[in-house]
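Peer 1: Below are the structure tokens for one structure; questions will follow.
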Amino acid sequence: MAGSYNIFVLVKQVPDQGSKAGLNPDGTIDRAKAKRMLNPFDRYALQAALHTKRTYGGTVTTISMGPPPAVEVLLEALEHGVDRGYLLSDRRLAASDTLATAYALFKTVNYAGKPDIIFCGLQTTDGDTAQVGPQLAERLNFPQITYCEDFSIEDGKVHARRIIEGGTQKVVTEMPVLVTVANSYHQLEYKSFRGTWRVQQLQRNPEELKKYIQTIDLDVIGADPDRCGLKGSPTIVAWTDKVGEIGGNCQMHEGNAPENLVKEVIAGSNVKDYLVVTH
Amino acid sequence: MTEQDVSAFCPKGDVLVIAEHILGELQPVTFELLGAGRILADKMGRSLIALVIGYNLGEIPCKLIEYGADIVYVADHPDLFNYRTLTYRRVACDFLESLKEPPHTTLLGSTTTGRDLAPRIAAHFDTGLTADCTELDIGPYEHKSKVDPSKIGLYPNCLYAIRPSFGESLKARILGPWKNPQMATTRPGVMTPLKPDPKREGKIIQIPVNLRPEDNRLVIAETLREVAKGVKLTEADVIVSGGYGLGSPDGFDLVRDLARCFENSAIGASRKVVDLGWMPYEHQVGQTGKTVRPKVYIACGISGAIQHRVGMSKSGLIIAINRDPDAPIFKFAHHGIVGDIYQIVPEMINQFKSMKPTQEVKAVVSTH
Ligand SMILES: Cc1cc2nc3c(=O)[nH]c(=O)nc-3n(C[C@H](O)[C@H](O)[C@H](O)COP(=O)(O)OP(=O)(O)OC[C@H]3O[C@@H](n4cnc5c(N)ncnc54)[C@H](O)[C@@H]3O)c2cc1C
Ligand SMILES: Nc1ncnc2c1ncn2[C@@H]1O[C@H](COP(=O)(O)O)[C@@H](O)[C@H]1O
């Protein structure tokens, strides 16, 4: 096979915002009570990693940083067919901002090996910054392809299409590279019954499972605790305000013939001011 | 602690805007950043400076002055013709290092480019970066938390980077006065630009460009712009958007016909139809798409999920068409029509076509 690529994919467990469970009265999330899920954007990154492995050969390693329950997303990835996973879990990581997160992930990547390609999600639904990927690429001194929606390898080079303002761009670069995958990439394929079955078996055998998923802490990866967590974060959330429920002033038009409904809106608004001018 | 105790870290310095342009055309977000940056700089009695990177930049530096910059630093080099992460990163980082006093604040747009470049610069300088801000301000902050005693103190001039969080149910104020520059990206279409003033005076300074071979690791093979699609979403006066209620991709024919009734219009879409492949991603409005603020937004068969709402709720006039009277979109639209798109929209097109407004009507409009 042309290449045996060492493929990493970064996945994060996030609170499920679709469910009301675990929302504090002030609107913040009670992470202990909230339902948890794999960051939806990371599904595309996972698909890109698995597709790359199946097409060009190689192994897929997932990396996640988070509290112990985050192991669930690594198990989910294992069901989808990744080869192994690392969970970086350490109390000293609490309140990390993106810079501290990227530093900790950088140390984890170095611990886990020498990747040819790192796939990240475009952004997370809780942090929602799209910063961690590029910040990690900076630490690693890798080129990066953000907003990637198509990815292939030809003659040992990476060819990709990425979204830019008002269009797309085709780029070519070398490995190692970090790629953040847009949600216009292919949907994650369904996991196979075999994958699910295999993970069920593994979960019955903790010793065997450890061969596939390792939980590590800052000491194992040799990270400087002062550069992690609150201490290592140059930014803090000073305070939050609840955004009031908006609206309630909608003028409703219903129960009439379409012709009249439309007339009401045209009469009641300035929409006609923007019509095409015909001379 | 007194103010003096922290004066050593007390952020001074100017406010820097990193300009964005595509093929020699400054992007609207740059004007918005200059408008916001001007206010911050004036509050601190400092200068507003801009950095523009590219090739054959022509009138661009002058334009940046017209829109509020006091000093414009220009990096002009053939290898910088197109935006590329590593080359632009090199120039920006070298520039920041060359300044005697680092900027107090550095601002970029939350565009695909700004979000690609800003985190690289922030990581290089180990400084804080707040993404996707919707408000910026300068003000005092007293840090009392004892977790890191070295940070305790009163900081008179901090950047308040304010951004929505948790799907917009909260507004978070993010601060990081310990490091300069304090960095933020802002959502396009949110900040207000200044009126350009051709008489404004400013300085234009060329800066050296020293690229290294490793900066050329990525090459652009081809750039495809969607010129044919007309006006860009963030600049359109009128956006007609379609959602899953259209029932099929063909439904966008109707959306397009309605959009054609308007001057300077564009087509928007909900994420659901983008995910289904009915429309390309560039048309997506919302949390993970574009934030738009047109004069008129017409939503056809869109439920109005919060992630959609945050991208368009600041529109001047929102007209929603939905057959479900309880659809969330009716909570924040200005006019709601309860009915089937396939009956209402053709009727709208008919009535608009028969109206034929005159040039006079247009003139009245432009005065307010
Ligand atoms: C992290 C995250 C980010 C997201 N980002 C975005 C984003 O950026 N933008 C975005 O839009 N969404 C986003 N979403 C998705 C969002 O939550 C909604 O799922 C999506 O906006 C729904 O799209 P829709 O309104 O087209 O579809 P639906 O919610 O299915 O609504 C269709 C509507 O059409 C109406 N309808 C059906 N048939 C007709 C008819 N014949 N005539 C009239 N009305 C009809 C129905 O009553 C319904 O209200 C995001 C979700 C997540 C989790
Ligand atoms: N705690 C984390 N563990 C693993 N990957 C992460 C973590 N945080 C962010 N990432 C990766 O970085 C991407 C962007 O995250 P964000 O900058 O938080 O929007 C995510 O889609 C993940 O791929």
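Every chain in the structure tokens takes a letter, A first, then B, and so on in the order presented; its residues are numbered from 1, and the ligands are numbered from 1 following the presented order.
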Within 10 Å of stretch 236-252 of chain B, counting only C-alpha atoms, which residues show up once you throw out same-chain ones fewer than 5 positions away? Write them as a PyMOL selection string, please.
Peer 2: (chain A and resi 271+274-275) or (chain B and resi 230-231+257-274+276-279+283-285+292-304+312+315-323+340-342)
Peer 1: At most 7 Å is the cut-off: for each residue in chain A with any atom that close to an atom of chain B, write down the nearest atom pair and the distance in Å rounded to one decimal, counting only C-alpha atoms, chain first then increasing number, as a Markdown table.
Peer 2:
```
| residue | atom | partner | partner_atom | distance |
| --- | --- | --- | --- | --- |
| A:Gly27 | CA | B:Leu170 | CA | 6.6 |
| A:Leu99 | CA | B:Ala123 | CA | 6.5 |
| A:Asp126 | CA | B:Phe166 | CA | 6.0 |
| A:Thr129 | CA | B:Ala131 | CA | 5.3 |
| A:Gln131 | CA | B:Pro119 | CA | 5.5 |
| A:Pro134 | CA | B:Pro119 | CA | 5.8 |
| A:Gln135 | CA | B:Pro119 | CA | 5.3 |
| A:Glu138 | CA | B:Arg120 | CA | 5.5 |
| A:Pro143 | CA | B:Arg217 | CA | 6.8 |
| A:Thr146 | CA | B:Asp116 | CA | 6.5 |
| A:Ile164 | CA | B:Thr112 | CA | 5.7 |
| A:Glu165 | CA | B:Thr112 | CA | 6.2 |
| A:Gly166 | CA | B:Arg225 | CA | 6.0 |
| A:Gly167 | CA | B:Arg225 | CA | 4.3 |
| A:Thr168 | CA | B:Leu224 | CA | 5.2 |
| A:Gln169 | CA | B:Thr223 | CA | 4.3 |
| A:Lys170 | CA | B:Glu222 | CA | 5.0 |
| A:Val171 | CA | B:Ile220 | CA | 4.4 |
| A:Val172 | CA | B:Val219 | CA | 5.4 |
| A:Thr173 | CA | B:Leu218 | CA | 4.4 |
| A:Glu174 | CA | B:Arg217 | CA | 6.5 |
| A:Ser184 | CA | B:Tyr281 | CA | 6.4 |
| A:Lys231 | CA | B:Asp148 | CA | 6.1 |
| A:Pro234 | CA | B:Gly128 | CA | 4.9 |
| A:Thr235 | CA | B:Gly176 | CA | 4.3 |
| A:Ile236 | CA | B:Leu175 | CA | 5.5 |
| A:Val237 | CA | B:Ile174 | CA | 4.5 |
| A:Ala238 | CA | B:Arg173 | CA | 5.6 |
| A:Trp239 | CA | B:Arg173 | CA | 5.5 |
| A:Thr240 | CA | B:Ala172 | CA | 4.2 |
| A:Asp241 | CA | B:Lys171 | CA | 5.1 |
| A:Lys242 | CA | B:Leu170 | CA | 4.5 |
| A:Val243 | CA | B:Leu170 | CA | 5.3 |
| A:Ile246 | CA | B:Phe332 | CA | 6.5 |
| A:Gly247 | CA | B:Phe332 | CA | 4.4 |
| A:Gly248 | CA | B:Lys331 | CA | 5.3 |
| A:Asn249 | CA | B:His334 | CA | 6.6 |
| A:Cys250 | CA | B:His334 | CA | 4.5 |
| A:Gln251 | CA | B:His335 | CA | 4.8 |
| A:Met252 | CA | B:Gly336 | CA | 4.7 |
| A:His253 | CA | B:Ile337 | CA | 4.8 |
| A:Glu254 | CA | B:Val338 | CA | 5.1 |
| A:Pro258 | CA | B:Ile344 | CA | 5.5 |
| A:Glu259 | CA | B:Glu347 | CA | 6.1 |
| A:Leu261 | CA | B:Ile337 | CA | 6.8 |
| A:Val262 | CA | B:Met348 | CA | 6.0 |
| A:Val265 | CA | B:His335 | CA | 6.7 |
| A:Val271 | CA | B:Val296 | CA | 6.9 |
| A:Asp273 | CA | B:Val365 | CA | 6.5 |
| A:Tyr274 | CA | B:Phe262 | CA | 5.7 |
| A:Leu275 | CA | B:Phe262 | CA | 4.1 |
| A:Val276 | CA | B:Glu263 | CA | 4.5 |
| A:Val277 | CA | B:Pro357 | CA | 5.9 |
| A:Thr278 | CA | B:Lys356 | CA | 6.0 |
| A:His279 | CA | B:Thr358 | CA | 6.8 |
```
Peer 1: Counting only C-alpha atoms and all ligand atoms, which protein, DNA or RNA residues come within 9 Å of ligand 2, given as a PyMOL selection string?
Peer 2: (chain A and resi 9-14+39-43+45+62-66+70+87-88+97-98+101-102+104-105+119-136+180-181) or (chain B and resi 131)
Peer 1: Which residue is closest to A:Ala49? Choose from A:Pro115, A:Gly156, A:Pro206, A:Gly229 and count only C-alpha atoms.
Peer 2: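 Smallest distance to A:Ala49 is found for A:Pro115.
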Peer 1: When DSSP is applied to the backbone of this structure, which of stretch 131-287 of chain B are assigned alpha helix (DSSP H)? Write them out as a PyMOL selection string.
Peer 2: chain B and resi 251-260+271-275
Peer 1: Generate a file of the selected residues that holds C-alpha atoms, formatted as a PDB file, in the first residue's frame.
Peer 2:
```
ATOM      1  CA  GLY B 251     -38.353  24.499  -3.864  1.00  0.00           C
ATOM      2  CA  PHE B 252     -35.411  26.859  -4.158  1.00  0.00           C
ATOM      3  CA  ASP B 253     -36.636  27.809  -7.644  1.00  0.00           C
ATOM      4  CA  LEU B 254     -39.496  29.557  -5.917  1.00  0.00           C
ATOM      5  CA  VAL B 255     -37.139  31.190  -3.421  1.00  0.00           C
ATOM      6  CA  ARG B 256     -35.000  32.419  -6.298  1.00  0.00           C
ATOM      7  CA  ASP B 257     -38.011  33.828  -8.130  1.00  0.00           C
ATOM      8  CA  LEU B 258     -39.025  35.739  -5.043  1.00  0.00           C
ATOM      9  CA  ALA B 259     -35.487  37.045  -4.545  1.00  0.00           C
ATOM     10  CA  ARG B 260     -35.438  38.292  -8.137  1.00  0.00           C
ATOM     11  CA  ARG B 271     -28.576  24.284   8.047  1.00  0.00           C
ATOM     12  CA  LYS B 272     -30.961  21.401   7.579  1.00  0.00           C
ATOM     13  CA  VAL B 273     -31.237  21.987   3.852  1.00  0.00           C
ATOM     14  CA  VAL B 274     -27.493  22.567   3.600  1.00  0.00           C
ATOM     15  CA  ASP B 275     -26.831  19.268   5.364  1.00  0.00           C
TER      16      ASP B 275
END
```
Peer 1: Name the residues of stretch 84-296 of chain B that come out as strand (DSSP E or B) in a backbone DSSP run; write them as a VMD selection string.
Peer 2: chain B and resid 105 to 109 129 to 133 135 to 143 153 to 165 170 to 175 182 to 186 203 to 206 218 to 225 238 to 242 262 265 to 269 284 to 285 290 296
Peer 1: Give the answer as one residue: which of A:Glu149, A:Asp16, A:Asp90, A:Asp219 has the shortest atom-to-atom distance to ligand 1, using only C-alpha atoms and all ligand atoms?
Peer 2: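 Smallest distance to ligand 1 is found for A:Asp16.
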Peer 1: Identify, on the basis of only C-alpha atoms, every residue whose closest approach to B:Thr192 does not exceed 12 Å; exclude the query and any residue fewer than 5 positions from it along the same chain; express the result as JSON, numbers by chain.
Peer 2: {"B": [28, 29, 30, 31, 32, 33, 34, 35, 36, 37, 38, 39, 67, 68, 134, 135, 136, 186, 187, 293]}
Peer 1: Neighbours of B:Glu59 within 12 Å (only C-alpha atoms; same-chain residues fewer than 5 positions away dropped), as a list in words?
Peer 2: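 After dropping sequence-adjacent residues, the list is His21, Gly24, Glu25, Leu26, Val52, Leu64, Ile65, Glu66, Val72, Val74, Pro198 and Ile204 of chain B.
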Peer 1: For ligand 1, which residue among A:Val71, A:Ile213, A:Met37, A:Leu230 is the nearest when counting only C-alpha atoms and all ligand atoms?
Peer 2: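 So, comparing all the options, the nearest one is A:Met37.
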Peer 1: Nearest residue to ligand 1 out of A:Ile118, A:Ala182, A:Leu140, A:Ile216, using only C-alpha atoms and all ligand atoms?
Peer 2: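 Of the candidates, the smallest distance to ligand 1 is held by A:Ala182.
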Peer 1: Using only C-alpha atoms and all ligand atoms for the distances, tell me which of B:Pro328, B:Gly311, B:Pro188, B:Gly286 is nearest to ligand 1.
Peer 2: B:Gly286
Peer 1: Write out as a ChimeraX atom specification each polymer residue whose atoms come within 12 Å of A:Arg54, counting only C-alpha atoms; drop sequence neighbours fewer than 6 positions from it.
Peer 2: /A:1,3-5,7,47-48,60,81-82,152
Peer 1: Figure out the distance between atom CA of B:Val15 and atom CA of B:His104, please, to one decimal in Å.
Peer 2: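 Distance between the two atoms: 5.8 Å.
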Peer 1: So, counting only C-alpha atoms and all ligand atoms, which residue among B:Thr291, B:Ser354, B:Thr87, B:Asn210 is closest to ligand 1?
Peer 2: B:Thr291
Peer 1: If we count only C-alpha atoms and set the cut-off at 10 Å, which residues sit around A:Ala223, ignoring sequence neighbours fewer than 2 positions away in its own chain? Please answer as JSON, numbers by chain.
Peer 2: {"A": [103, 104, 105, 106, 107, 108, 217, 218, 219, 220, 221, 225, 226, 227, 228]}
Peer 1: Okay, now the selection with N, CA and C atoms, as a short mmCIF file (atom, residue, chain, number, x, y, z; two decimals), in the first residue's frame?
Peer 2:
```cif
data_model
loop_
_atom_site.label_atom_id
_atom_site.label_comp_id
_atom_site.auth_asym_id
_atom_site.auth_seq_id
_atom_site.Cartn_x
_atom_site.Cartn_y
_atom_site.Cartn_z
N TYR A 103 -2.40 23.65 24.24
CA TYR A 103 -1.12 23.24 24.80
C TYR A 103 -1.20 21.79 25.31
N ALA A 104 -2.26 21.49 26.06
CA ALA A 104 -2.40 20.14 26.63
C ALA A 104 -2.56 19.11 25.51
N LEU A 105 -3.30 19.47 24.49
CA LEU A 105 -3.48 18.53 23.37
C LEU A 105 -2.17 18.35 22.60
N PHE A 106 -1.39 19.41 22.52
CA PHE A 106 -0.09 19.35 21.86
C PHE A 106 0.81 18.33 22.58
N LYS A 107 0.83 18.41 23.90
CA LYS A 107 1.64 17.46 24.66
C LYS A 107 1.09 16.03 24.48
N THR A 108 -0.22 15.91 24.39
CA THR A 108 -0.83 14.58 24.21
C THR A 108 -0.48 14.01 22.85
N ASP A 217 -2.69 11.37 32.30
CA ASP A 217 -2.79 12.68 32.96
C ASP A 217 -1.57 13.53 32.61
N LEU A 218 -1.52 14.72 33.19
CA LEU A 218 -0.47 15.67 32.82
C LEU A 218 0.93 15.12 33.10
N ASP A 219 1.06 14.34 34.17
CA ASP A 219 2.39 13.80 34.49
C ASP A 219 2.86 12.81 33.43
N VAL A 220 1.92 11.98 32.97
CA VAL A 220 2.28 10.98 31.96
C VAL A 220 2.80 11.67 30.69
N ILE A 221 2.14 12.73 30.27
CA ILE A 221 2.54 13.37 29.01
C ILE A 221 3.61 14.44 29.23
N PRO A 225 1.96 21.89 34.48
CA PRO A 225 0.63 22.22 35.01
C PRO A 225 0.36 23.72 35.02
N ASP A 226 1.41 24.54 35.09
CA ASP A 226 1.20 25.99 35.09
C ASP A 226 0.72 26.51 33.75
N ARG A 227 0.87 25.70 32.72
CA ARG A 227 0.39 26.14 31.40
C ARG A 227 -0.99 25.55 31.10
N CYS A 228 -1.58 24.87 32.09
CA CYS A 228 -2.88 24.24 31.90
C CYS A 228 -3.91 24.89 32.82
#
```
Peer 1: If you measure from atom CA of A:Leu202 to atom CA of A:Ala77, what distance in Å do you get, rounded to one decimal?
Peer 2: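 Interatomic distance, atom CA of A:Leu202 to atom CA of A:Ala77: 13.5 Å.
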Peer 1: Quote the spacing between atom 7 (C, counted along the ligand's line) of ligand 1 and atom CA of B:Lys290 in Å to one decimal place.
Peer 2: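 According to the coordinates, atom 7 (C, counted along the ligand's line) of ligand 1 and atom CA of B:Lys290 are separated by 8.0 Å.
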